[in-house]
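For reference, upload-v3.cif (mmCIF, C-alpha atoms):
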data_structure
loop_
_atom_site.group_PDB
_atom_site.id
_atom_site.type_symbol
_atom_site.label_atom_id
_atom_site.label_comp_id
_atom_site.auth_asym_id
_atom_site.auth_seq_id
_atom_site.Cartn_x
_atom_site.Cartn_y
_atom_site.Cartn_z
ATOM 1 C CA MET A 1056 244.001 27.104 149.081
ATOM 2 C CA ALA A 1057 241.015 25.092 150.249
ATOM 3 C CA ASN A 1058 240.153 21.774 151.845
ATOM 4 C CA GLU A 1059 243.475 21.192 153.559
ATOM 5 C CA TYR A 1060 243.295 18.824 156.526
ATOM 6 C CA ALA A 1061 245.369 20.962 158.904
ATOM 7 C CA GLU A 1062 245.743 24.646 159.675
ATOM 8 C CA LEU A 1063 248.671 26.773 158.545
ATOM 9 C CA ALA A 1064 249.076 28.135 162.100
ATOM 10 C CA THR A 1065 249.431 24.595 163.484
ATOM 11 C CA LEU A 1066 252.058 23.689 160.906
ATOM 12 C CA ARG A 1067 253.974 26.918 161.605
ATOM 13 C CA GLU A 1068 253.937 26.095 165.334
ATOM 14 C CA GLN A 1069 255.117 22.527 164.674
ATOM 15 C CA LEU A 1070 258.045 23.879 162.629
ATOM 16 C CA ASN A 1071 258.864 26.516 165.288
ATOM 17 C CA ILE A 1072 258.384 29.423 162.874
ATOM 18 C CA ALA A 1073 257.985 32.782 164.609
ATOM 19 C CA ASP A 1074 254.569 34.449 164.403
ATOM 20 C CA ASP A 1075 255.978 37.542 162.698
ATOM 21 C CA ASP A 1076 257.788 35.529 159.985
ATOM 22 C CA THR A 1077 255.322 35.157 157.121
ATOM 23 C CA SER A 1078 257.966 34.791 154.402
ATOM 24 C CA ARG A 1079 257.437 31.024 154.167
ATOM 25 C CA ASN A 1080 253.633 30.954 154.199
ATOM 26 C CA ASP A 1081 253.307 30.290 150.467
ATOM 27 C CA LEU A 1082 255.622 27.263 150.672
ATOM 28 C CA LEU A 1083 253.806 26.005 153.766
ATOM 29 C CA ASP A 1084 250.401 26.407 152.068
ATOM 30 C CA MET A 1085 251.655 24.410 149.078
ATOM 31 C CA ALA A 1086 252.987 21.693 151.394
ATOM 32 C CA LEU A 1087 249.636 21.468 153.228
ATOM 33 C CA ALA A 1088 247.704 21.244 149.956
ATOM 34 C CA ALA A 1089 250.042 18.591 148.532
ATOM 35 C CA ALA A 1090 249.966 16.550 151.742
ATOM 36 C CA SER A 1091 246.157 16.685 151.869
ATOM 37 C CA ARG A 1092 245.701 15.656 148.240
ATOM 38 C CA GLY A 1093 248.358 12.958 148.649
ATOM 39 C CA ILE A 1094 246.359 11.465 151.529
ATOM 40 C CA ASP A 1095 243.235 11.555 149.342
ATOM 41 C CA GLN A 1096 245.076 9.672 146.631
ATOM 42 C CA ALA A 1097 246.606 7.117 149.015
ATOM 43 C CA THR A 1098 243.306 6.319 150.733
ATOM 44 C CA GLY A 1099 240.958 6.509 147.743
ATOM 45 C CA ARG A 1100 238.669 8.996 149.506
ATOM 46 C CA ARG A 1101 238.570 12.589 150.672
ATOM 47 C CA PHE A 1102 237.924 13.870 154.158
ATOM 48 C CA TYR A 1103 236.391 17.296 153.552
ATOM 49 C CA LEU A 1104 232.643 17.834 153.227
ATOM 50 C CA ASP A 1105 230.989 19.428 150.202
ATOM 51 C CA ASP A 1106 229.281 22.755 150.830
ATOM 52 C CA ALA A 1107 226.244 21.765 148.753
ATOM 53 C CA ALA A 1108 224.570 18.514 147.788
ATOM 54 C CA THR A 1109 225.316 17.214 144.280
ATOM 55 C CA ALA A 1110 224.031 14.188 142.372
ATOM 56 C CA ARG A 1111 225.997 11.051 141.486
ATOM 57 C CA VAL A 1112 224.585 8.167 139.464
ATOM 58 C CA TYR A 1113 225.373 4.531 140.258
ATOM 59 C CA ARG A 1114 224.838 1.324 138.315
ATOM 60 C CA PRO A 1115 223.628 -1.239 140.917
ATOM 61 C CA SER A 1116 225.333 -4.149 139.171
ATOM 62 C CA GLY A 1117 228.562 -4.886 141.029
ATOM 63 C CA ARG A 1118 227.827 -2.337 143.777
ATOM 64 C CA THR A 1119 225.282 -4.305 145.815
ATOM 65 C CA VAL A 1120 225.827 -6.645 148.731
ATOM 66 C CA CYS A 1121 223.055 -8.969 149.875
ATOM 67 C CA GLY A 1122 222.688 -9.845 153.558
ATOM 68 C CA ASP A 1123 220.087 -11.129 156.008
ATOM 69 C CA ASP A 1124 218.841 -7.581 156.578
ATOM 70 C CA GLY A 1125 218.469 -6.673 152.891
ATOM 71 C CA GLU A 1126 220.431 -5.361 149.937
ATOM 72 C CA ARG A 1127 223.110 -2.689 150.382
ATOM 73 C CA LEU A 1128 224.187 -0.325 147.621
ATOM 74 C CA ILE A 1129 227.813 0.721 148.138
ATOM 75 C CA VAL A 1130 228.202 4.476 147.561
ATOM 76 C CA ASP A 1131 230.937 7.081 147.890
ATOM 77 C CA ASP A 1132 231.348 8.615 151.366
ATOM 78 C CA ILE A 1133 228.311 10.687 152.385
ATOM 79 C CA GLY A 1134 229.141 13.144 155.164
ATOM 80 C CA SER A 1135 225.733 14.637 155.966
ATOM 81 C CA ALA A 1136 222.074 13.621 155.930
ATOM 82 C CA SER A 1137 221.171 17.188 154.966
ATOM 83 C CA GLY A 1138 219.950 17.256 151.367
ATOM 84 C CA LEU A 1139 220.185 13.469 150.938
ATOM 85 C CA VAL A 1140 217.872 12.276 148.139
ATOM 86 C CA VAL A 1141 217.841 8.763 146.656
ATOM 87 C CA GLU A 1142 216.132 8.024 143.331
ATOM 88 C CA THR A 1143 215.940 5.064 140.978
ATOM 89 C CA GLY A 1144 215.254 5.025 137.267
ATOM 90 C CA SER A 1145 217.130 6.139 134.188
ATOM 91 C CA ALA A 1146 218.120 9.340 132.402
ATOM 92 C CA GLY A 1147 214.650 10.718 131.735
ATOM 93 C CA SER A 1148 212.589 9.299 134.576
ATOM 94 C CA TRP A 1149 213.516 9.175 138.281
ATOM 95 C CA THR A 1150 211.436 7.918 141.208
ATOM 96 C CA THR A 1151 212.292 9.090 144.726
ATOM 97 C CA LEU A 1152 212.842 6.355 147.337
ATOM 98 C CA THR A 1153 212.070 6.850 151.016
ATOM 99 C CA ASP A 1154 212.240 3.277 152.349
ATOM 100 C CA TYR A 1155 216.043 3.030 152.525
ATOM 101 C CA GLU A 1156 218.344 3.199 155.555
ATOM 102 C CA THR A 1157 221.855 4.576 155.767
ATOM 103 C CA SER A 1158 224.680 2.227 156.657
ATOM 104 C CA PRO A 1159 226.646 1.619 158.775
ATOM 105 C CA ASP A 1160 224.255 2.356 161.627
ATOM 106 C CA ASN A 1161 224.915 5.638 163.450
ATOM 107 C CA ALA A 1162 227.864 6.448 161.181
ATOM 108 C CA LEU A 1163 227.263 10.204 161.101
ATOM 109 C CA VAL A 1164 226.749 10.368 164.874
ATOM 110 C CA ARG A 1165 230.164 8.709 165.332
ATOM 111 C CA GLY A 1166 231.833 11.157 162.920
ATOM 112 C CA ARG A 1167 232.119 8.566 160.150
ATOM 113 C CA PRO A 1168 230.579 8.716 156.660
ATOM 114 C CA VAL A 1169 227.638 6.766 155.325
ATOM 115 C CA THR A 1170 229.108 4.258 152.859
ATOM 116 C CA ALA A 1171 226.033 2.244 151.852
ATOM 117 C CA LEU A 1172 222.281 2.519 151.469
ATOM 118 C CA LEU A 1173 220.184 -0.423 152.698
ATOM 119 C CA LEU A 1174 216.896 -1.657 151.254
ATOM 120 C CA SER A 1175 215.377 -4.098 153.743
ATOM 121 C CA SER A 1176 212.927 -5.331 151.101
ATOM 122 C CA GLY A 1177 213.153 -5.257 147.342
ATOM 123 C CA SER A 1178 216.145 -4.656 145.134
ATOM 124 C CA TRP A 1179 218.166 -1.718 143.863
ATOM 125 C CA GLY A 1180 217.452 -2.946 140.331
ATOM 126 C CA ALA A 1181 219.289 -4.479 137.427
ATOM 127 C CA GLY A 1182 219.872 -3.957 133.727
ATOM 128 C CA SER A 1183 219.388 -0.334 132.715
ATOM 129 C CA THR A 1184 218.202 0.782 136.163
ATOM 130 C CA ARG A 1185 220.362 3.408 137.818
ATOM 131 C CA VAL A 1186 220.391 4.915 141.293
ATOM 132 C CA ARG A 1187 220.864 8.671 141.576
ATOM 133 C CA VAL A 1188 222.049 9.863 144.983
ATOM 134 C CA THR A 1189 222.096 13.562 145.808
ATOM 135 C CA ALA A 1190 224.208 14.232 148.888
ATOM 136 C CA LYS A 1191 226.950 16.222 150.541
ATOM 137 C CA TRP A 1192 229.925 13.995 149.749
ATOM 138 C CA GLY A 1193 232.931 13.540 151.996
ATOM 139 C CA TRP A 1194 233.358 13.133 155.757
ATOM 140 C CA PRO A 1195 231.410 14.940 158.508
ATOM 141 C CA ALA A 1196 234.718 16.218 159.951
ATOM 142 C CA VAL A 1197 238.411 15.610 159.371
ATOM 143 C CA PRO A 1198 239.535 12.734 161.653
ATOM 144 C CA ASP A 1199 242.332 13.518 164.110
ATOM 145 C CA GLU A 1200 244.584 10.888 162.513
ATOM 146 C CA ILE A 1201 244.224 12.528 159.099
ATOM 147 C CA GLU A 1202 245.031 15.956 160.518
ATOM 148 C CA GLN A 1203 248.165 14.610 162.217
ATOM 149 C CA ALA A 1204 249.257 12.703 159.100
ATOM 150 C CA THR A 1205 248.805 15.901 157.078
ATOM 151 C CA LEU A 1206 250.989 17.881 159.485
ATOM 152 C CA ILE A 1207 253.747 15.256 159.422
ATOM 153 C CA GLN A 1208 253.682 14.961 155.632
ATOM 154 C CA ALA A 1209 253.463 18.734 155.076
ATOM 155 C CA ALA A 1210 256.458 19.308 157.359
ATOM 156 C CA ARG A 1211 258.336 16.607 155.464
ATOM 157 C CA LEU A 1212 257.454 18.189 152.108
ATOM 158 C CA TYR A 1213 258.436 21.651 153.342
ATOM 159 C CA ARG A 1214 261.807 20.373 154.556
ATOM 160 C CA ARG A 1215 262.345 18.553 151.263
ATOM 161 C CA LYS A 1216 263.799 21.732 149.795
ATOM 162 C CA ASP A 1217 266.779 21.131 152.100
ATOM 163 C CA SER A 1218 267.282 17.499 151.017
ATOM 164 C CA PRO A 1219 268.005 17.425 147.278
ATOM 165 C CA GLU A 1220 267.426 14.073 145.606
ATOM 166 C CA GLY A 1221 266.096 12.592 148.845
ATOM 167 C CA VAL A 1222 269.408 12.844 150.694
ATOM 168 C CA THR A 1223 269.904 14.741 153.934
ATOM 169 C CA GLY A 1224 272.715 14.855 156.408
ATOM 170 C CA SER A 1225 274.094 16.156 159.684
ATOM 171 C CA ALA A 1226 277.413 16.284 161.469
ATOM 172 C CA GLU A 1227 276.233 13.599 163.907
ATOM 173 C CA TRP A 1228 274.722 11.045 161.490
ATOM 174 C CA GLY A 1229 276.421 11.761 158.207
ATOM 175 C CA VAL A 1230 274.468 11.339 154.962
ATOM 176 C CA VAL A 1231 271.037 9.681 155.246
ATOM 177 C CA ARG A 1232 268.686 8.730 152.398
ATOM 178 C CA LEU A 1233 265.059 9.574 153.144
ATOM 179 C CA SER A 1234 262.542 6.719 152.918
ATOM 180 C CA ARG A 1235 259.929 6.898 150.178
ATOM 181 C CA ARG A 1236 257.029 6.504 152.595
ATOM 182 C CA ASP A 1237 256.898 7.970 156.091
ATOM 183 C CA PRO A 1238 255.975 5.064 158.417
ATOM 184 C CA ASP A 1239 254.133 7.344 160.853
ATOM 185 C CA VAL A 1240 251.970 8.842 158.110
ATOM 186 C CA TRP A 1241 251.200 5.378 156.769
ATOM 187 C CA ALA A 1242 250.284 4.064 160.238
ATOM 188 C CA LEU A 1243 247.867 6.974 160.704
ATOM 189 C CA ILE A 1244 246.093 6.676 157.331
ATOM 190 C CA GLU A 1245 246.248 2.931 156.653
ATOM 191 C CA HIS A 1246 242.917 2.031 158.251
ATOM 192 C CA PHE A 1247 241.141 4.740 156.205
ATOM 193 C CA ILE A 1248 242.015 3.154 152.850
ATOM 194 C CA VAL A 1249 238.914 2.188 150.874
ATOM 195 C CA PRO A 1250 238.773 -1.654 150.738
ATOM 196 C CA GLY A 1251 240.096 -2.913 147.439
ATOM 197 C CA PHE A 1252 241.759 0.422 146.683
ATOM 198 C CA GLY A 1253 245.218 0.363 148.275
#

Entire entry expressed as structure tokens:
Amino acid sequence: MANEYAELATLREQLNIADDDTSRNDLLDMALAAASRGIDQATGRRFYLDDAATARVYRPSGRTVCGDDGERLIVDDIGSASGLVVETGSAGSWTTLTDYETSPDNALVRGRPVTALLLSSGSWGAGSTRVRVTAKWGWPAVPDEIEQATLIQAARLYRRKDSPEGVTGSAEWGVVRLSRRDPDVWALIEHFIVPGFG
């Protein structure tokens, strides 16, 4: 599996599984993968960083915000300045731009992604003009809150095999129906949801 937001060893420790017991590793790996992709889906973004820069094309119409400091083009999360190339044009003809700034300021230094590109003068274009951005997409590093939410959700998914149809029980509490959404997971990921997505 790849791009999980927590380590198998950490999940095994959280569940108090002995180091020499590897019989459940496949189930734990599946739970980590499902929890990670579920967080992606709930937040509308992903928190792992691409290995190589790839191009995405944007239509400026509906993706620009004008402010006192210029015009911002809203883009998907960019997790690294390495390999970042911004071009305008259309399918057959692209012109490289160098007079843009990344936004928010100091995002990558603070471990956050770049989410917009700012032109202090001029416009990103209109009509048939497109903007092609080549970048390493994702986040610079997995935030601590996302890692913890992944561990909680993966443990919950792993234990789900013992609670058929969402019902669990004990001698002390009797039968308990599990909630659809874990409140701790939601509290950890809620502020990462892409505006207008959730």

Item checked: Result set, the PyMOL selection byres ((chain A and resi 1178) around 10) on current file, as number ranges by chain -> A: 1115, 1119, 1121, 1125-1128, 1173-1177, 1179-1181

Margin query: Here's the selection I'm unsure about, the PyMOL selection byres ((chain A and resi 1156) around 9); applied to the file above, which residues does it give, as number ranges by chain?
Written below: A: 1153-1155, 1157-1158, 1160, 1171-1175

Quick one: what's the axis-aligned box for range 1197-1203 of chain A, all listed atoms, 6 Å on every side, centre and edges in Å to one decimal, as AutoDock Vina command-line options?
--center_x 243.3 --center_y 13.4 --center_z 161.6 --size_x 21.8 --size_y 17.1 --size_z 17.0

Next item on the list: Work out how far apart CA of Leu1243 in chain A and CA of Ala1097 in chain A are and give it in Å to one decimal.
Entry: 11.8 Å

Item checked: Near-Val1169 in chain A list (6 Å; only C-alpha atoms; drop same-chain fewer than 6 positions) as a PyMOL selection string -> chain A and resi 1132-1133+1158+1162

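Note that CA of Arg1236 in chain A and CA of Pro1198 in chain A are 20.7 Å apart.
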
Enumerate, in order of chain and increasing residue number, the residues of range 1188-1219 of chain A with an atom no farther than 6 Å from range 1100-1111 of chain A, each with its shortest atom pair and distance in Å to one decimal, counting all atoms listed in the file, as CSV.
residue,atom,partner,partner_atom,distance
A:Val1188,CA,A:Arg1111,CA,5.4
A:Thr1189,CA,A:Ala1110,CA,4.0
A:Ala1190,CA,A:Ala1108,CA,4.4
A:Lys1191,CA,A:Ala1108,CA,4.3
A:Trp1192,CA,A:Asp1105,CA,5.6
A:Gly1193,CA,A:Leu1104,CA,4.5
A:Trp1194,CA,A:Phe1102,CA,4.9
A:Val1197,CA,A:Phe1102,CA,5.5

Notebook entry, point to check: Just so the selection is clear, what residues does the PyMOL selection byres ((chain A and resi 1064-1068) around 8) cover here, as a list in words?
Noted result: Ala1061, Glu1062, Leu1063, Gln1069, Leu1070, Asn1071, Ile1072, Ala1073, Leu1083, Leu1206, Ala1209 and Ala1210 of chain A

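Omitting Glu1200 in chain A and its sequence neighbours fewer than 4 positions away, and counting all atoms listed in the file, the residues within 9 Å are A:Ala1204, A:Thr1205, A:Val1240, A:Leu1243, A:Ile1244.
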
Margin query: For a test of reading the model, state the distance in Å between CA of Lys1216 in chain A and CA of Ala1088 in chain A, rounded to one decimal.
Written below: 16.1 Å

Next item on the list: Find the residue from A:Val1141, A:Asp1237, A:Ile1129, A:Arg1214 that sits nearest to Pro1250 in chain A; use all atoms listed in the file when measuring.
Entry: A:Ile1129

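Close to (214.6, 12.3, 145.0), meaning no more than 7 Å away when counting all atoms listed in the file, sit the residues Val1140, Val1141, Glu1142, Thr1150, Thr1151 and Leu1152 of chain A.
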
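Each of A:Asn1058, A:Ser1116, A:Ser1137, A:Thr1143 was checked against Gly1182 in chain A using all atoms listed in the file; the smallest atom-to-atom distance is that of A:Ser1116.
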
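Of the listed residues (A:Val1249, A:Ile1201, A:Val1112, A:Ala1090), A:Val1112 comes nearest to Ala1146 in chain A; the distances count all atoms listed in the file.
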
Check: With only C-alpha atoms as the atoms that count, which of A:Asp1084, A:Ile1094, A:Asp1074, A:Glu1059 lies nearest to Ile1248 in chain A?
Finding: A:Ile1094
